[in-house]
Amino acid sequence: MADAVDAAAGAVPPYWSQPPATVLASVGGRPEGLTDAEAAARAPHQRAHAQRPALTVAHELARQFSQPVVVVLLCATALSLVLGDHVDALIIAVIVLLSGLLGFWQEHGAAVTVARLLDRVQVHVEVRRSGRVVSVRPEEVVVGDVVLLDAGDVIPCDCRVLVAEALQADQSALTGETYPRHKHADPAPTDAPLADRHSALLQGGHVVSGRGEAVAVVTGAHTELGRMSRVLTARSAPTSFEQGTARLGLLLARVTLGLTAVILVVNVVLGRPLVDALLFSLALAVGVTPQMLPAIVAVSLSTGARRMAASSVIVRRLDAIEDLGSMDVLCTDKTGTLTTGVLRLAATVDATGVHSPRVAERAALNAALQTGFTNPLDDAVLRAVPRPVDRRALDEVPFDFDRKRLSVLVDGEKEPVLVTKGAYRSVLAVCDRLVGPDGAPTALDTPAREALDARIHRLSTGGRRVLAVAERRLPGRTAVTVDDEQGMVLLGLLAFEDPPKDDVARTVADLAELGIRLVMLTGDNRLVAADVARAVGVTDPRVLTGLEVEAADADALRGLVRSADAFAELTPTHKERVIEAFRADGAVVGYLGDGINDAGPLHLADVGISVDTAVDVAKSAAAMVLLEKDLGVLVRGVRLGRQTFTNTLKYVYTTVSANFGNTASMAAASAFLPFLPLLPRQILLLNFLSDLPSVTLAGDRVDPEDVRRPRRWDLRQVRDFMVVFGMLSSAFDLLTFALLLQVLDAGPTLFRTGWFVGSTLTELAVLFVLRSRRPSWRSRPGVALVLTSALVAGVTVSLPFVPAVRPALGLGQPSVRLVLLLVAVTGCYVVAAELTKRVFFRGGRAGPSTAPPPTTTQQRRLRHVAREHRHPVATTQATSQRAAVSRSGWTWR
């Protein structure tokens, strides 16, 4: 409201209160649009955008070294350098640098991959430049651009309306209004509140119906949406994946802090040099912290996004991959998803069921002359009925999803006629007469209504969608409003065919096997919904209507959604309530939708899914975009999403358990050894080498059973896994200590050499055991994992035998006896880990994040039915798509 305040103080009147020509002149615009040169000169953000990649690269690189533990380690290394320990300081610095560069390479590659995928489903707007219409990204619109808007388009900035034809805009994101607002070019009052500025189009809204032209007045952070964002500092609610990684970060932070403090105190008490003790403790802190987690997660998710793109699923928000894997309820419309999506006008009948040319002609008038959004029903009418000539529209009352009808005032006869077409119940509600058998209007009494209901029931068989057509003569009128939709004469009915897809029953069964319940949300009547439900395999579908949804309170609706197979006669508000009820009941909900009315449900669902042919506002609200409107594509996407999440968890489970075990062993060894069990440089090198195979886990093979059920974070299981297998690792570390000290009588150098080699080998070997719940010989690992593990094992065993690097790393040349002992210990550890794994997962633990199996009733429901979906444009930025774990606080961004 700042502009209104300025106006009241005597400043220049706000743009919404000025005539269109005045606003055009004030922003330097023209009806034919800016020239390309003018647009380029007004876009300093484009030059900044050109510099952004370099800035982003520098930021990504710097972030690899910004973790507090790493910063303190580098400071301690610098202190060591000052005190004269040049070799130790140099080696530690090199290893930290290599680890950071590896993380940067992986994360940056993931970001580039995602940015390229996003370009495939970018939202565009049309502007007029140099007298021609061009398509640009919303952020490329500049002040003075003339923007051309149609139904379904997003509004790229705050604009002043120049021309409007039945233009309606949804600005609920800014005003909270339930209904769209009519927009026109007449100036609005200077002090008009945000919702009443009928001459303004606001960023964050979208066009619901009609078309128009507007001039861009305010862009970027200065728009009303930008102001609200600054005031509210709005942040999206964290997804389940973000919550899980945040909790994991807190757990690791506590473990790291506790173990590091204990080890530091023990070493100081034992009288070891403070700098050595500090470097040792900090190196251990780096070791227990899975600092490659951001890179592993980013690579895993981007690899999953790339694979999903190959299967016609474009991921717009990377963390939605996990939510897709966790999804256990999928809501979708029927048209084009469960059905072929190619509508055919099958019947045009009067109230008696006889074919009526008049009904067909009036329907064609309504379909051809309306200026709102195009839709498959109107297309089907105009394919079957000749397009009217020598007729023109005087005015119209656009369609909205609450009235569920559209009216056009048509000229060309003796007097103007208001022709209305829409949902049967909606049109019937504004009629008081119907055309009788003789063509004359008769009273629409109770017997007539009952006869019509029976006819609707017969027409709806086979999944046909039925609309009604009515008219009202309005002599001398040139304009109409919603209030004119009354006292109408019902002409007849239109029946449309849209048969189910041939393979939809199989696809629904595939979803059921994946633990996903399909629920249909449709605006069609309950008879059509029930018929389609039966066609896809539901023998006795339970269908609820929008009226029942409206009548139920939140608690009652939660109970209703548990047993419903389909919801019919829904408005967008009803759909949102259904989505909220599913989520409140504990479900992870996906919503598949592509229409103007789907933006709200898409925003509310855990996983908003749209299609490439959807209107812009639906694509902007979606977390994923299907390149084909086919549930089979989504089935493949779910499987790939679960594979991606499984591979992410492999790194978490194996790395935190191994690092915890190594650090616990260090704490124990520090208490009784008269020397440091490993030098800081050796700890960091061990950590670096063992992370290399982990990078390849993103492309590892996944066992079939890991994709059969929805998957979720289970922090308690992560903790138990870390403790159980960490302690097992420590037990074998202590065995190695005993063999080194008691059997081989090893000194400090040989002891460190033996533990360095043995710890690396055991960590690599156990990775193949713990990457799967199956026996390791029954789960085939990826080729890249095998090759990198073999390479790292070879390098680790070779290092003590290379004279050029052995002294620098503080290693000695091991004997053959030592190597054989280490191999034997590694073999015993693998056997013990395999047996422990069987007991661990057999003891009631469900395995890495597998959701509980459905009940018997749910299993029956899971074999049937169908559904729809989330919000806006800021989430499309490539930088917000990249999974990033904060190095400072271990929070998921």
# chains A, B, ... in the order shown; residues from 1 in each chain; ligands from 1

$ residues_around --residues "Gly304 (chain A)" --least-positions-apart "3" --cutoff "10 Å" --atoms "only C-alpha atoms" --output "list in words"
Ala298, Val299, Ser300, Leu301, Arg307, Met308, Ala309, Ala310, Val315, Leu318, Ile321, Gly637, Leu640, Gly641, Arg642, Gln643, Thr644, Phe645, Asn647, Ala698 and Gly699 of chain A

$ closest_residue --among "A:Ala58, A:Val133, A:Ile609, A:Leu761" --to "Val313 (chain A)" --atoms "only C-alpha atoms"
A:Ile609

$ residues_around --residues "Ala566 (chain A)" --least-positions-apart "3" --cutoff "10 Å" --atoms "only C-alpha atoms" --output "count of residues only"
23

$ residues_around --residues "Ser610 (chain A)" --least-positions-apart "2" --cutoff "7 Å" --atoms "only C-alpha atoms" --output "NGL selection string"
:A and (592-594 or 608 or 612 or 614 or 618-619 or 622 or 624-626)

$ residues_around --residues "region 472-484 of chain A" --least-positions-apart "3" --cutoff "7 Å" --atoms "only C-alpha atoms" --output "list in words"
Leu394, Asp395, Glu396, Val397, Glu415, Pro416, Val417, Leu418, Val419, Met488 and Val489 of chain A

$ write_last_selection --atoms "N, CA and C atoms" --output "JSON list (two decimals), in the first residue's frame"
[["chain", "number", "residue", "atom", "x", "y", "z"],
["A", 394, "LEU", "N", -21.74, -10.17, -28.04],
["A", 394, "LEU", "CA", -21.84, -8.81, -27.50],
["A", 394, "LEU", "C", -21.15, -8.72, -26.14],
["A", 395, "ASP", "N", -21.24, -9.76, -25.38],
["A", 395, "ASP", "CA", -20.64, -9.79, -24.04],
["A", 395, "ASP", "C", -20.65, -11.24, -23.56],
["A", 396, "GLU", "N", -20.01, -11.49, -22.46],
["A", 396, "GLU", "CA", -20.04, -12.83, -21.90],
["A", 396, "GLU", "C", -19.83, -12.80, -20.39],
["A", 397, "VAL", "N", -20.29, -13.84, -19.76],
["A", 397, "VAL", "CA", -20.01, -14.08, -18.34],
["A", 397, "VAL", "C", -19.08, -15.29, -18.30],
["A", 415, "GLU", "N", -33.28, -10.49, -31.80],
["A", 415, "GLU", "CA", -32.91, -9.86, -30.53],
["A", 415, "GLU", "C", -31.76, -10.65, -29.91],
["A", 416, "PRO", "N", -30.95, -10.01, -29.06],
["A", 416, "PRO", "CA", -29.83, -10.73, -28.42],
["A", 416, "PRO", "C", -30.32, -11.91, -27.59],
["A", 417, "VAL", "N", -29.50, -12.97, -27.60],
["A", 417, "VAL", "CA", -29.83, -14.19, -26.86],
["A", 417, "VAL", "C", -28.64, -14.55, -25.98],
["A", 418, "LEU", "N", -28.91, -14.81, -24.70],
["A", 418, "LEU", "CA", -27.88, -15.29, -23.78],
["A", 418, "LEU", "C", -27.86, -16.81, -23.84],
["A", 419, "VAL", "N", -26.75, -17.37, -24.31],
["A", 419, "VAL", "CA", -26.61, -18.82, -24.44],
["A", 419, "VAL", "C", -25.67, -19.31, -23.34],
["A", 488, "MET", "N", -34.01, -18.95, -17.22],
["A", 488, "MET", "CA", -33.58, -19.45, -18.52],
["A", 488, "MET", "C", -34.43, -20.65, -18.96],
["A", 489, "VAL", "N", -34.33, -20.95, -20.23],
["A", 489, "VAL", "CA", -35.04, -22.08, -20.82],
["A", 489, "VAL", "C", -34.03, -23.18, -21.13]]

$ residues_around --residues "Arg272 (chain A)" --least-positions-apart "4" --cutoff "9 Å" --atoms "only C-alpha atoms" --output "list in words"
Asn267, Val268, Asp276, Ala277, Phe675 and Leu676 of chain A

$ residues_around --residues "Pro693 (chain A)" --least-positions-apart "5" --cutoff "10 Å" --atoms "only C-alpha atoms" --output "list of chain:residue names"
A:Tyr651, A:Phe688, A:Leu764, A:Leu767, A:Ala784, A:Leu785, A:Val786, A:Leu787, A:Thr788, A:Ser789, A:Ala790, A:Leu791, A:Val792

$ atom_distance --atom1 "CA of Ala554 (chain A)" --atom2 "CA of Gly422 (chain A)"
29.7 Å
